[in-house]
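Enquirer: One structure follows; several queries about it will come next.
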Amino acid sequence: MTRVVKEPSRLSLTAIREYAERIGEHYDIYDRAGTADLQALLQKLGGKLAFGESKESLHVSAPGNFTIFLPLVTSSRRDRFTIAHELGHYFLHYLHPKLGEAASFGRGERNSVETQANVFASSLLMPEQEFTKAWKRFDGDSYRVAKIFEVSPAAADVRAEVLRLK
Ligand SMILES: [Zn+2]
């Protein structure tokens with residue numbers, strides 16, 4: 001097992017948001033409502049899930065061969081966010097660590113690997129267009145919106161803030 005080297009990506013958070021959604025679209029994981037099929041994505045990527053007592057983590061054997069470990073006692077919505085978060089590490093910090101290297105950065109504009117993985121997860125699970133539609137349709141009711149994207153209401157609220165919907 002290769003430990004994933006966790007150097008922050010040079011991509012800006014905005015670029016990470018776009019990148020995550022492009023991955024979702026590329027692998028065709030969204031249904032009409034915008035709900036992401038993470039099982040299908042994992043299968044296409046060569047990723048497996050394993051449940052155990054250990055903390056959530058990503059173990060990579062090679063590109064296209066990795067395992068995401070999840071704790072036993074968590075909700076499925078929490079698991080979805082964790083899976084998407086670990087996929088963020090996989091793409092940003094393992095597969096393509098040099099993405100955005102040519103971009104010039106402003107002072108101190110590097111985000112932690114954990115922030116980057118969370119931003120990736122949020123965008124992968126809540127694609128902008130469908131999320132915006134749902135947010136407007138349900139008049140900012142984060143519980144109902146969260147249900148569509150199978151995330152926690154708190155995650156939906158954060159996404160709405162990022163997209164300046166509230
Ligand atoms: Zn992480």
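By order in the structure tokens, chains are A, B, ...; within a chain, residues start at 1; ligands start at 1, following the order shown.
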Could I get the residues of chain A with an atom no further than 7 Å from an atom of ligand 1, each paired with its nearest atom pair and that distance in Å to one decimal, using only C-alpha atoms and all ligand atoms, sorted by chain and residue number, as JSON lines?
Expert:
```
{"residue": "A:His85", "atom": "CA", "partner": "ligand 1", "partner_atom_place_in_ligand_line": "1 (Zn)", "distance": 6.3}
{"residue": "A:Glu86", "atom": "CA", "partner": "ligand 1", "partner_atom_place_in_ligand_line": "1 (Zn)", "distance": 6.0}
{"residue": "A:His89", "atom": "CA", "partner": "ligand 1", "partner_atom_place_in_ligand_line": "1 (Zn)", "distance": 6.6}
{"residue": "A:Val113", "atom": "CA", "partner": "ligand 1", "partner_atom_place_in_ligand_line": "1 (Zn)", "distance": 6.9}
{"residue": "A:Glu114", "atom": "CA", "partner": "ligand 1", "partner_atom_place_in_ligand_line": "1 (Zn)", "distance": 4.8}
{"residue": "A:Ala117", "atom": "CA", "partner": "ligand 1", "partner_atom_place_in_ligand_line": "1 (Zn)", "distance": 6.1}
```
Enquirer: Identify, on the basis of only C-alpha atoms, every residue whose closest approach to range 10-27 of chain A does not exceed 7 Å; exclude the query and any residue fewer than 3 positions from it along the same chain; express the result as a count of residues only.
Expert: 11
Enquirer: Output as a PyMOL selection string all residues of chain A that backbone DSSP marks as alpha helix (DSSP H).
Expert: chain A and resi 13-26+38-45+76-88+113-125+128-137+142-149+153-162
Enquirer: Report, in Å to a single decimal, how far apart CA of Ser152 in chain A and CA of Arg77 in chain A are.
Expert: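 Going from CA of Arg77 in chain A over to CA of Ser152 in chain A, I get 6.2 Å.
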Enquirer: Need to verify the contact set: Tyr143 in chain A, 12 Å, only C-alpha atoms, exclusion of same-chain residues closer than 2 positions in sequence. Can you return it as a PDB file with N, CA and C atoms, in the first residue's frame?
Expert:
```
ATOM      1  N   ALA A 134     -32.549  23.100  -7.027  1.00  0.00           N
ATOM      2  CA  ALA A 134     -33.221  22.497  -5.877  1.00  0.00           C
ATOM      3  C   ALA A 134     -33.364  23.509  -4.743  1.00  0.00           C
ATOM      4  N   TRP A 135     -32.329  24.315  -4.547  1.00  0.00           N
ATOM      5  CA  TRP A 135     -32.355  25.295  -3.460  1.00  0.00           C
ATOM      6  C   TRP A 135     -33.486  26.295  -3.682  1.00  0.00           C
ATOM      7  N   PHE A 138     -37.043  24.553  -3.313  1.00  0.00           N
ATOM      8  CA  PHE A 138     -37.442  24.300  -1.925  1.00  0.00           C
ATOM      9  C   PHE A 138     -37.231  25.521  -1.047  1.00  0.00           C
ATOM     10  N   ASP A 139     -37.010  26.649  -1.684  1.00  0.00           N
ATOM     11  CA  ASP A 139     -36.949  27.904  -0.975  1.00  0.00           C
ATOM     12  C   ASP A 139     -35.948  27.874   0.183  1.00  0.00           C
ATOM     13  N   GLY A 140     -34.792  27.296  -0.087  1.00  0.00           N
ATOM     14  CA  GLY A 140     -33.744  27.286   0.926  1.00  0.00           C
ATOM     15  C   GLY A 140     -33.992  26.377   2.115  1.00  0.00           C
ATOM     16  N   ASP A 141     -34.847  25.375   1.942  1.00  0.00           N
ATOM     17  CA  ASP A 141     -35.066  24.402   3.017  1.00  0.00           C
ATOM     18  C   ASP A 141     -33.956  23.352   2.934  1.00  0.00           C
ATOM     19  N   VAL A 145     -33.433  19.889   0.577  1.00  0.00           N
ATOM     20  CA  VAL A 145     -32.377  19.913  -0.442  1.00  0.00           C
ATOM     21  C   VAL A 145     -31.338  18.821  -0.142  1.00  0.00           C
ATOM     22  N   ALA A 146     -31.004  18.686   1.131  1.00  0.00           N
ATOM     23  CA  ALA A 146     -30.010  17.691   1.529  1.00  0.00           C
ATOM     24  C   ALA A 146     -30.464  16.278   1.167  1.00  0.00           C
ATOM     25  N   LYS A 147     -31.776  16.076   1.264  1.00  0.00           N
ATOM     26  CA  LYS A 147     -32.312  14.751   0.969  1.00  0.00           C
ATOM     27  C   LYS A 147     -32.074  14.366  -0.491  1.00  0.00           C
ATOM     28  N   ILE A 148     -32.197  15.328  -1.373  1.00  0.00           N
ATOM     29  CA  ILE A 148     -31.997  15.053  -2.799  1.00  0.00           C
ATOM     30  C   ILE A 148     -30.565  14.611  -3.076  1.00  0.00           C
ATOM     31  N   PHE A 149     -29.623  15.305  -2.431  1.00  0.00           N
ATOM     32  CA  PHE A 149     -28.221  15.023  -2.721  1.00  0.00           C
ATOM     33  C   PHE A 149     -27.616  14.016  -1.746  1.00  0.00           C
ATOM     34  N   GLU A 150     -28.446  13.537  -0.838  1.00  0.00           N
ATOM     35  CA  GLU A 150     -28.022  12.543   0.157  1.00  0.00           C
ATOM     36  C   GLU A 150     -26.773  13.009   0.906  1.00  0.00           C
ATOM     37  N   VAL A 151     -26.902  14.225   1.414  1.00  0.00           N
ATOM     38  CA  VAL A 151     -25.858  14.803   2.258  1.00  0.00           C
ATOM     39  C   VAL A 151     -26.531  15.305   3.542  1.00  0.00           C
ATOM     40  N   SER A 152     -25.736  15.781   4.474  1.00  0.00           N
ATOM     41  CA  SER A 152     -26.321  16.331   5.695  1.00  0.00           C
ATOM     42  C   SER A 152     -26.843  17.744   5.401  1.00  0.00           C
ATOM     43  N   PRO A 153     -27.856  18.193   6.130  1.00  0.00           N
ATOM     44  CA  PRO A 153     -28.324  19.577   5.948  1.00  0.00           C
ATOM     45  C   PRO A 153     -27.203  20.596   6.149  1.00  0.00           C
ATOM     46  N   ALA A 154     -26.292  20.301   7.058  1.00  0.00           N
ATOM     47  CA  ALA A 154     -25.172  21.223   7.289  1.00  0.00           C
ATOM     48  C   ALA A 154     -24.308  21.337   6.026  1.00  0.00           C
ATOM     49  N   ALA A 155     -24.092  20.207   5.353  1.00  0.00           N
ATOM     50  CA  ALA A 155     -23.292  20.224   4.115  1.00  0.00           C
ATOM     51  C   ALA A 155     -24.024  21.021   3.036  1.00  0.00           C
ATOM     52  N   ALA A 156     -25.348  20.879   2.988  1.00  0.00           N
ATOM     53  CA  ALA A 156     -26.135  21.644   2.006  1.00  0.00           C
ATOM     54  C   ALA A 156     -26.054  23.137   2.303  1.00  0.00           C
ATOM     55  N   ASP A 157     -26.088  23.499   3.573  1.00  0.00           N
ATOM     56  CA  ASP A 157     -25.987  24.912   3.955  1.00  0.00           C
ATOM     57  C   ASP A 157     -24.650  25.514   3.527  1.00  0.00           C
TER      58      ASP A 157
END
```
